[in-house]
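With compact mmCIF, C-alpha atoms inside, this is protein_29.txt:
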```txt
# COMPACT_ATOMS: atom_id res chain seq x y z
CA MET R 1 11.59 -10.30 8.69
CA PRO R 2 10.18 -7.05 7.27
CA ASP R 3 7.29 -5.25 8.95
CA ALA R 4 4.60 -3.25 7.25
CA TRP R 5 1.51 -1.31 8.27
CA ARG R 6 -1.86 -0.61 6.74
CA ILE R 7 -4.23 2.04 8.08
CA VAL R 8 -7.85 1.78 7.01
CA LYS R 9 -11.23 3.03 8.09
CA GLU R 10 -12.48 0.78 10.87
CA LYS R 11 -15.52 -0.20 8.81
CA HIS R 12 -13.21 -1.64 6.12
CA ALA R 13 -10.96 -3.67 8.43
CA THR R 14 -12.51 -7.03 7.49
CA VAL R 15 -11.74 -6.50 3.78
CA ALA R 16 -8.50 -4.55 4.20
CA PHE R 17 -6.45 -7.27 2.51
CA SER R 18 -8.76 -8.22 -0.35
CA GLY R 19 -7.44 -5.62 -2.78
CA GLU R 20 -11.03 -4.57 -3.56
CA GLY R 21 -10.52 -0.88 -2.77
CA ALA R 22 -7.50 -0.50 -5.04
CA ALA R 23 -9.24 -2.49 -7.78
CA LYS R 24 -12.22 -0.13 -7.66
CA SER R 25 -10.26 3.09 -7.96
CA GLY R 26 -6.77 2.27 -9.20
CA GLY R 27 -3.72 3.87 -7.67
CA ARG R 28 -0.10 4.76 -8.28
CA TRP R 29 0.92 1.14 -8.87
CA ASN R 30 -2.28 -0.42 -10.22
CA SER R 31 -5.02 0.36 -12.68
CA ARG R 32 -8.73 -0.18 -12.08
CA GLY R 33 -9.68 -3.83 -11.98
CA VAL R 34 -6.31 -5.00 -10.59
CA PRO R 35 -6.56 -5.93 -6.90
CA VAL R 36 -3.52 -5.04 -4.77
CA VAL R 37 -3.07 -3.98 -1.15
CA TYR R 38 -1.06 -0.86 -0.36
CA THR R 39 1.02 -0.97 2.84
CA SER R 40 3.97 0.99 4.26
CA SER R 41 7.19 0.07 6.02
CA THR R 42 6.33 2.14 9.11
CA LYS R 43 3.16 3.16 10.89
CA SER R 44 4.07 6.82 10.47
CA LEU R 45 4.49 6.45 6.70
CA ALA R 46 1.18 4.55 6.55
CA ALA R 47 -0.43 7.51 8.35
CA LEU R 48 1.03 10.00 5.87
CA GLU R 49 -0.01 7.82 2.92
CA SER R 50 -3.56 7.81 4.32
CA LEU R 51 -3.62 11.53 5.12
CA VAL R 52 -2.59 12.56 1.63
CA HIS R 53 -5.88 11.12 0.36
CA LEU R 54 -8.08 12.91 2.93
CA ILE R 55 -8.93 16.05 1.01
CA PRO R 56 -10.79 17.72 2.60
CA PRO R 57 -9.79 16.25 5.96
CA VAL R 58 -12.61 14.04 7.20
CA ARG R 59 -12.73 12.33 10.54
CA PHE R 60 -13.48 8.61 10.58
CA LYS R 61 -12.63 5.82 12.97
CA TYR R 62 -9.42 4.16 11.82
CA VAL R 63 -7.47 1.01 12.62
CA ALA R 64 -3.81 0.18 12.06
CA ILE R 65 -2.91 -3.37 11.10
CA HIS R 66 0.60 -4.75 11.56
CA ILE R 67 1.91 -7.08 8.85
CA LYS R 68 4.98 -9.34 8.78
CA PHE R 69 6.47 -11.31 5.91
CA ASP R 70 9.66 -13.13 5.07
CA ASP R 71 12.32 -11.46 2.91
CA ALA R 72 11.93 -14.32 0.42
CA LEU R 73 8.42 -13.08 -0.42
CA VAL R 74 9.66 -9.62 -1.48
CA GLU R 75 10.72 -8.29 -4.86
CA ILE R 76 12.49 -4.93 -4.53
CA VAL R 77 12.12 -2.30 -7.25
CA ALA R 78 15.07 0.07 -7.56
CA PRO R 79 13.97 3.69 -8.04
CA THR R 80 16.34 3.92 -11.03
CA SER R 81 14.32 1.25 -12.85
CA LEU R 82 11.03 3.15 -12.52
CA PRO R 83 9.54 5.31 -15.26
CA SER R 84 10.66 8.94 -15.12
CA ASP R 85 7.14 10.10 -14.25
CA TRP R 86 6.48 7.67 -11.38
CA GLN R 87 6.15 10.51 -8.85
CA VAL R 88 3.64 12.69 -10.73
CA GLU R 89 0.14 13.35 -9.40
CA PRO R 90 -2.25 12.04 -10.46
CA PRO R 91 -0.39 8.76 -10.93
CA SER R 92 0.77 8.08 -14.46
CA PRO R 93 -0.28 5.09 -16.56
CA SER R 94 3.41 4.13 -16.76
CA SER R 95 3.68 3.75 -12.97
CA GLN R 96 0.43 1.77 -12.94
CA ARG R 97 1.89 -0.59 -15.54
CA VAL R 98 4.75 -1.40 -13.13
CA GLY R 99 2.33 -2.85 -10.55
CA VAL R 100 -0.01 -4.44 -13.09
CA ALA R 101 2.89 -6.26 -14.79
CA TRP R 102 4.06 -7.51 -11.39
CA VAL R 103 0.58 -8.81 -10.51
CA LEU R 104 0.12 -10.51 -13.88
CA ALA R 105 3.57 -12.13 -13.77
CA ALA R 106 2.94 -13.33 -10.18
CA ARG R 107 6.66 -13.00 -9.42
CA SER R 108 6.21 -12.45 -5.68
CA ALA R 109 3.59 -11.84 -3.02
CA VAL R 110 5.16 -8.51 -1.98
CA LEU R 111 6.64 -5.70 -4.07
CA ALA R 112 8.82 -3.06 -2.36
CA LEU R 113 8.53 0.38 -3.96
CA PRO R 114 9.75 3.83 -2.99
CA SER R 115 7.36 6.24 -1.30
CA VAL R 116 6.45 9.38 -3.22
CA ILE R 117 5.64 11.17 0.04
CA VAL R 118 8.82 10.42 2.02
CA SER R 119 11.99 10.02 -0.02
CA GLY R 120 14.07 7.02 1.03
CA GLU R 121 11.18 5.13 2.66
CA LEU R 122 9.38 2.10 1.29
CA ASN R 123 5.84 1.12 0.59
CA PHE R 124 4.86 -2.48 -0.02
CA LEU R 125 2.31 -3.70 -2.52
CA LEU R 126 0.71 -7.02 -1.60
CA ASN R 127 -0.82 -9.33 -4.19
CA PRO R 128 -3.79 -11.08 -2.54
CA ALA R 129 -4.07 -13.47 -5.51
CA HIS R 130 -0.48 -14.72 -5.21
CA ARG R 131 -0.02 -18.29 -3.98
CA ASP R 132 2.34 -17.09 -1.20
CA PHE R 133 -0.01 -14.37 0.09
CA LYS R 134 -1.12 -16.82 2.82
CA LYS R 135 2.46 -16.73 4.19
CA ILE R 136 2.03 -13.07 5.14
CA THR R 137 1.17 -12.62 8.81
CA ILE R 138 -1.65 -10.11 9.25
CA GLY R 139 -2.14 -8.81 12.77
CA LYS R 140 -5.32 -7.79 14.51
CA PRO R 141 -6.65 -4.28 13.85
CA GLU R 142 -5.77 -1.81 16.60
CA ARG R 143 -7.47 1.54 17.07
CA PHE R 144 -5.60 4.37 15.39
CA THR R 145 -6.29 8.09 15.63
CA PHE R 146 -4.72 10.97 13.78
CA ASP R 147 -3.59 13.92 15.84
CA SER R 148 -6.21 16.59 15.18
CA ARG R 149 -3.49 19.09 14.20
CA LEU R 150 -2.87 16.98 11.10
CA LEU R 151 -6.50 17.37 10.04
CA THR R 152 -6.78 21.15 10.15
```
In structure tokens, what does this structure look like?
Amino acid sequence: MPDAWRIVKEKHATVAFSGEGAAKSGGRWNSRGVPVVYTSSTKSLAALESLVHLIPPVRFKYVAIHIKFDDALVEIVAPTSLPSDWQVEPPSPSSQRVGVAWVLAARSAVLALPSVIVSGELNFLLNPAHRDFKKITIGKPERFTFDSRLLT
């Protein structure tokens, strides 16, 4: 059974799995208006994925939330099937179309995608509107702090 992690500001813990934040701003794998939940395969990757968006570094209270789901809920995307510009910053419309098409097709509750930040590691996109989303086990938020050396 795969594990995943999501790190969010403590004040957002109650809505961390609604997809609202990603729908408001869009992201690498979704455009604005498409609710998805970004998670990572390890807590350390989730921390890096969070840190990359803290420019300038700002200190908030954070929580880490452990997630578990069955392999049957996961669709895996091979890096070779992604658009050639999937790693560019800011995210390209072609990479956003990958996630939007997956959400609209409702093929699975979880989509496994490669991390841009750490080659060879996975991030997971969760579709909160998918009928099998309720099969994902979402743990209780636990306090999480970044080492201050990462924020300087």
Need the shell around Ala23 of chain R: protein/DNA/RNA residues with any atom at most 10 Å away, counting all atoms listed in the file. Skip same-chain ones fewer than 2 positions apart. Format as a PyMOL selection string? chain R and resi 18-21+25-27+30-37
Let me make sure I understand: among R:Lys135, R:Arg97, R:Arg59, R:His12, which one has the smallest atom-to-atom distance to Asp147 of chain R if we use all atoms listed in the file?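 With all atoms listed in the file as the atom set, the closest residue is R:Arg59.
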Quick one: of R:Trp29, R:Tyr38, R:Phe60, R:Phe124, who's nearest to Glu75 of chain R, counting only C-alpha atoms? R:Phe124
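Nearest-residue note for Gly120 of chain R: choosing from R:Leu48, R:Gly139, R:Ser41, R:Asp85, the minimum distance belongs to R:Ser41, counting only C-alpha atoms.
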Determine the nearest neighbour of Asn127 of chain R from the options R:Val74, R:Phe146, R:Lys68, R:Pro93, counting all atoms listed in the file.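 That would be R:Val74, the residue with the smallest distance to Asn127 of chain R.
Using only C-alpha atoms, the protein and nucleic acid residues lying no more than 9 Å from Thr137 of chain R, apart from those fewer than 4 places from it along its own chain, are His66, Ile67, Lys68, Phe69 and Phe133 of chain R.
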Could you pull the residues within 12 Å of Ala106 of chain R, counting all atoms listed in the file, minus those fewer than 3 positions along the same chain, as a VMD selection string? chain R and resid 36 73 to 75 99 to 103 109 to 111 126 to 133
Pick from R:Ile76, R:Val15, R:Ile138, R:Ala4: nearest to Ala47 of chain R, with all atoms listed in the file counted? R:Ala4
Provide the atom CA of Leu122 of chain R to atom CA of Leu151 of chain R distance in Å, to one decimal place.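 Atom CA of Leu151 of chain R lies 23.7 Å from atom CA of Leu122 of chain R.
Atom to atom, atom CA of Glu142 of chain R and atom CA of Val63 of chain R stand 5.2 Å apart.
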Within 7 Å of Arg6 of chain R, counting only C-alpha atoms, which residues show up once you throw out same-chain ones fewer than 5 positions away? Write them as a PyMOL selection string, please. chain R and resi 39-40+46+64-66
Among listed residues R:His53, R:Lys140, R:Arg28, R:Lys43, nearest Ser95 of chain R (using all atoms listed in the file):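 Once distances to Ser95 of chain R are computed over all atoms listed in the file, the minimum belongs to R:Arg28.
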Using Å and a single decimal, report how far atom CA of Leu104 of chain R sits from atom CA of Ala78 of chain R. 19.4 Å
